[in-house]
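Visitor: Once you've had a glance at the structure underneath, I'll fire off some questions.
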Amino acid sequence: MIRSLLFFISFSFPFIVLAQEVSVTGTVVSVEDQTGLPGASVLIQGTTQGTTTDVDGKFILTIPDGSTHLVFSSVGFLPQTTAIAGRSVIDIVMELDVQQLEEIVVIGYGSVRKSDLTGSVSSVKSDDLMKIPSSSPEQALQGKMAGVRVTSNSGAPGAAPTVRIRGVGTFGNPDPIYVVDGVILDDITFLNSADIESMEVLKDASSTAMYGSRGANGVIMVTTKRGSKTGAPTVNLITEYNVQQVQKQVDLLNAREFATVINQIQPGTFNNLSLLPDVDWQNEVYRSQAPIYNAQLSASGSGEKTNYYVGAGYFKQEGIIPKSNYEKITLKINNDYFLSDYVKLGHNIGITMFDQQNTSNVVASTLRAYPTDIPLGGPDGFAEVRGNGNPLAAIAFTNDFRKGRRVVGNFYGEVKFLKNFTIRSSFGVDYENANSQNFTPVFFVSPQQNNDETRLNKSRFTKENWLWENTINYHLNLSDHSIDVLAGYTSQEDNEETLGGSSANLLRDDILYLSNDQTDLLITNTAKIKSLVSYLFRVNYVAFDKYLFTATFRRDGSSIFASDRRWGNFPSFAAGWRVSDESFFDGLGLISNLKVRGSWGIVGNDKVEANDRFTLIQNEVGAVFGEDETLYPGSTYGTTGNPKIKWEEARQTDVGVEIGLWQDKLSLEFDYYRKVTEDILITLALPGHFGNGSFATTRFNAADVLNRGFEFSTSWKDQIGDFRYEIRAVGSTVYNEVIKMGDTFDDNPQPMGNLGNGQNVKRVALGNPIGYFYGYKVAGIFQNEDDLGQFPRIASQGVGDFIYEDIDNDGAITPDDRTFIGSPIPDFIYGFSLNGSYKDFSLSLDFQGETGREIYNGKNAVRAGQYNYEASVLNAWNGENTSNSEPRVSSGGVNYSQSDWFIQDGSFLRLRSATIGYSVPSQFLPKFKRQNFQLYLRGTNLFTLTDYTGYTPEIGGDINMNGIDTGLYPVTSVYTVGLNLTL
């Protein structure tokens, strides 16, 4: 693949062979501190021939006959042109370009200077995005942005994290949208982090209102890399080898401990405890090491009428559990073509091919398997394992594959006219084709773990989405005023279809042989289509470079709503004041920057099911007729639709202040936000006269949710001699409350969090956070017969069992005594980092953490029989006053009712990433012309400080299962050695 890419680059972009006439060397330094500038461009004037400076700011360039001048340029500095005049050594001091040093922030349909920004936007640049070895770029945002919570739900290869921006404001899908180079998407798993220039998160209504009906959950802007406007070709190679290890194991009973516990329940079950085999199932199932390979090769540069970026990446992760892996190949091609000073064309194209194998969900059975049962033996090579089956057999007989390709990109044209106007039109596509296949052979391990017929399941998923956007922009810059006006029209259509089939009794025990018995063949087909038309408008006004105003309006029309509910209007307003630019601030050297800003707006959420407004027929319902009692297929009344459903709308207010001290060495940013999401869709009961029995529910816009909180971000940058360092910290609070559930349905809470054993351990109810944990509160343990008569109890409770609190004080323990026992939503999320460099060495440490959230230990709560136990059972009640927190040993029953005994503190502090880098000095490689040659060692998830007893306290997912640990694929520690080479 690498050889092919180099062949492609060499023929696509001409590298000029320079005549060997004169060799010029020199050093480019900054006027500010006289240190060398790495990556500065050195061009022969009038050509694209040149080079870039190395890590010390040094360069060497061969000059052909007839060349007279060199052009020096670097980001943040004024370009310089100097005469060669026969010199062999040319040293340059670069002056700062104050205007260029202004940080540029990408927003919807444009970009602005950070100093002119009136909304709440956080940004992460490319260097930070490469610190985490992952198939999903979102994981690099963990602990980097205030108000953004990223949760690694699983360590499985290819697993995407959960992203939440400023809390959860819906009972449905709270995921943000992603805008990649102008294309609006629901995920970015196809991207290679090395191709990304920056990621901006739009959080308040002023910044998200440009996306109207899709902005309520936040917007993540992704800008990929492009070629520089001026500069010689640059080739970059990044290659890494990573090793994964399980960060921690769940503390389970060994064979002797387990046998002792089981003998307490059923005396005589195990004899001769010292002769029992002792199987550590976590060691049996989890590999001691699993590799990740990651490589990226890119080329970028520019010509007289074009600039280009081409990147090819390869990522392969083998899972810590066998037969789980993920492989991805990416190709990114971004080109701009300057037809004239007024006309520009371009494209951003990303091509991804992926191949994934998913193993059986064996984590729960690994934790439950008897440590006294050996794994191998039996007719198919695997022995019976009591508890929840043989995990190794489950892995061996699972064959689950998914592979596909995805193309995401857009093509654009841009025309400038009448000096201040720009028209832009772009057409974006998102195409995906994926095939899934699951094959189960015939096998027998035990009466509970077997398959008596082969079965093959196949499916094909196709997505074909397009987006056409047209905007006109007017920009006027006067001495004291600046105005930028944008208006546009967009249209979009999303098409998805899944075609599946399953068959049993294959001719042979192989996926190549399909069944010849058509009665065993089942075909399924689902599809959805939706379209959106939008009109948008925005005006940015800056007066005297200190008074800022932004107004935005978007009108969306969606096909998923009825014609009289189809259109939604989404306005926003924002203002800012750069107080530090006022005359009364003159002479106040301490404060170098002070800006206050505020915004208000309305944004929507259109992530609702397209069929919610339709009454649906339930198919595959059989009925028996006739004397011979023949079963006939049929259909019946299904889900009741509601044609009156409409947008969910979020009204958000944001107030912020930005402060810079000591010439911005110290920068601080604070925000307070309050967001109320109204008209949330919720499933509620219908009156009985609808006559559809158990289906007598439908969807209503009937609920409101409040999210509010504070956010801060701060950084300190300084330099002491050759030592440069930066300290950054971010943090945010979240208060979440359901403040309405319909005018007549406030006493109708919604169950959530089904453990699969008949228990729903979560709820949505008025006055509480979305998806809070719901169960009994444990007040102690019945120590003796006197306690049984003193405290209310369930009939089946006895000595050694839990005492549950009588919440309603009715003298009995009933389901009405279940109450709030915790929330999976954290009170505070934070992150901080330390970055330093000394000469050729660098060190980077990134931490993240959460406080004030709970986890429901579902893997320990589901007990339908005798399973292995977590080690806490060794402290179980075994007689009066032996324990008042751990009940008597049992294999199920009343003590496993939903209660706060299964609630654990989910607070944690994690060392997310630690990197040590070394840039090889140029004198060690005098013949190797390079801009950068860096070697580095990195550790990811090196340690986690937490009281939670599971594999990880990071347990996200949708609002239904968020915070419930049913046995998640372990999140691993990763150790990396890498090379970053730029030529």
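Letters A, B, ... mark the chains of the structure tokens in the order given; residue numbers begin at 1 per chain; ligand numbers begin at 1, in order shown.
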Report as a PyMOL selection string all protein, DNA and RNA residues lying within 12 Å of region 628-633 of chain A, evaluated on only C-alpha atoms, omitting residues in the same chain fewer than 6 positions from it.
Guide: chain A and resi 618-622
Visitor: Take the residues just selected and output them with all heavy atoms as a short mmCIF file (atom, residue, chain, number, x, y, z; two decimals), in the first residue's frame.
Guide:
data_model
loop_
_atom_site.label_atom_id
_atom_site.label_comp_id
_atom_site.auth_asym_id
_atom_site.auth_seq_id
_atom_site.Cartn_x
_atom_site.Cartn_y
_atom_site.Cartn_z
N GLN A 618 -48.89 -4.50 12.62
CA GLN A 618 -47.97 -5.50 13.13
C GLN A 618 -48.11 -6.77 12.30
O GLN A 618 -49.18 -7.38 12.25
CB GLN A 618 -48.25 -5.81 14.60
CG GLN A 618 -47.24 -6.79 15.18
CD GLN A 618 -47.57 -7.19 16.60
OE1 GLN A 618 -48.65 -6.90 17.09
NE2 GLN A 618 -46.64 -7.85 17.27
N ASN A 619 -47.04 -7.15 11.63
CA ASN A 619 -47.05 -8.34 10.78
C ASN A 619 -46.57 -9.57 11.55
O ASN A 619 -46.19 -9.48 12.72
CB ASN A 619 -46.17 -8.11 9.55
CG ASN A 619 -46.73 -7.01 8.67
OD1 ASN A 619 -47.92 -6.99 8.38
ND2 ASN A 619 -45.86 -6.10 8.24
N GLU A 620 -46.55 -10.69 10.86
CA GLU A 620 -46.06 -11.95 11.41
C GLU A 620 -46.85 -12.36 12.66
O GLU A 620 -46.30 -12.87 13.64
CB GLU A 620 -44.57 -11.88 11.72
CG GLU A 620 -43.71 -11.57 10.50
CD GLU A 620 -42.24 -11.43 10.85
OE1 GLU A 620 -41.85 -11.90 11.92
OE2 GLU A 620 -41.51 -10.83 10.06
N VAL A 621 -48.16 -12.10 12.64
CA VAL A 621 -49.04 -12.52 13.72
C VAL A 621 -49.89 -13.67 13.19
O VAL A 621 -50.65 -13.51 12.23
CB VAL A 621 -49.94 -11.36 14.20
CG1 VAL A 621 -50.89 -11.85 15.29
CG2 VAL A 621 -49.08 -10.22 14.71
N GLY A 622 -49.77 -14.84 13.78
CA GLY A 622 -50.48 -16.00 13.30
C GLY A 622 -51.80 -16.22 14.02
O GLY A 622 -52.02 -15.74 15.14
#
Visitor: Within 9 Å of Thr25 (chain A), counting only C-alpha atoms, which residues show up once you throw out same-chain ones fewer than 4 positions away? Write them as a JSON list (two decimals) with N, CA, C and O atoms, in the first residue's frame, please.
Guide:
[["chain", "number", "residue", "atom", "x", "y", "z"],
["A", 58, "LYS", "N", 16.92, 25.46, 10.96],
["A", 58, "LYS", "CA", 17.99, 25.47, 9.96],
["A", 58, "LYS", "C", 17.49, 24.92, 8.63],
["A", 58, "LYS", "O", 16.56, 24.12, 8.58],
["A", 59, "PHE", "N", 18.13, 25.36, 7.53],
["A", 59, "PHE", "CA", 17.76, 24.87, 6.21],
["A", 59, "PHE", "C", 18.99, 24.80, 5.32],
["A", 59, "PHE", "O", 20.03, 25.43, 5.59],
["A", 60, "ILE", "N", 18.87, 24.00, 4.27],
["A", 60, "ILE", "CA", 19.87, 23.94, 3.21],
["A", 60, "ILE", "C", 19.11, 23.82, 1.90],
["A", 60, "ILE", "O", 18.17, 23.04, 1.79],
["A", 61, "LEU", "N", 19.51, 24.64, 0.89],
["A", 61, "LEU", "CA", 18.77, 24.70, -0.37],
["A", 61, "LEU", "C", 19.74, 24.89, -1.52],
["A", 61, "LEU", "O", 20.65, 25.74, -1.45],
["A", 62, "THR", "N", 19.53, 24.11, -2.56],
["A", 62, "THR", "CA", 20.35, 24.25, -3.77],
["A", 62, "THR", "C", 19.67, 25.21, -4.72],
["A", 62, "THR", "O", 18.48, 25.04, -5.05],
["A", 88, "SER", "N", 26.30, 32.33, 0.47],
["A", 88, "SER", "CA", 26.13, 30.91, 0.76],
["A", 88, "SER", "C", 25.49, 30.67, 2.12],
["A", 88, "SER", "O", 25.06, 29.56, 2.42],
["A", 89, "VAL", "N", 25.45, 31.73, 2.95],
["A", 89, "VAL", "CA", 24.81, 31.65, 4.25],
["A", 89, "VAL", "C", 23.83, 32.81, 4.38],
["A", 89, "VAL", "O", 24.23, 33.98, 4.23],
["A", 90, "ILE", "N", 22.57, 32.52, 4.64],
["A", 90, "ILE", "CA", 21.54, 33.56, 4.79],
["A", 90, "ILE", "C", 20.76, 33.27, 6.07],
["A", 90, "ILE", "O", 20.04, 32.26, 6.16],
["A", 91, "ASP", "N", 20.90, 34.12, 7.06],
["A", 91, "ASP", "CA", 20.15, 34.00, 8.32],
["A", 91, "ASP", "C", 19.04, 35.04, 8.33],
["A", 91, "ASP", "O", 19.25, 36.20, 7.95]]
Visitor: With distances taken over only C-alpha atoms, which of A:Gln759, A:Ser228, A:Ser842, A:Ser324 is nearest to Arg938 (chain A)?
Guide: A:Ser842
Visitor: Point out the residue among A:Ala434, A:Val93, A:Ile44, A:Val55 with the least atom-to-atom distance to Lys839 (chain A), counting only C-alpha atoms.
Guide: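 Looking only at the distances to Lys839 (chain A), the closest residue turns out to be A:Val55.
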Visitor: Under the rule that only C-alpha atoms are counted, which of A:Leu755, A:Ile739, A:Ala312, A:Ile645 is the nearest residue to Arg863 (chain A)?
Guide: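 That would be A:Leu755, the residue with the smallest distance to Arg863 (chain A).
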Visitor: Using DSSP on the backbone, list every residue of region 44-257 of chain A that comes out as alpha helix (DSSP H), and give them as a count of residues only.
Guide: 15
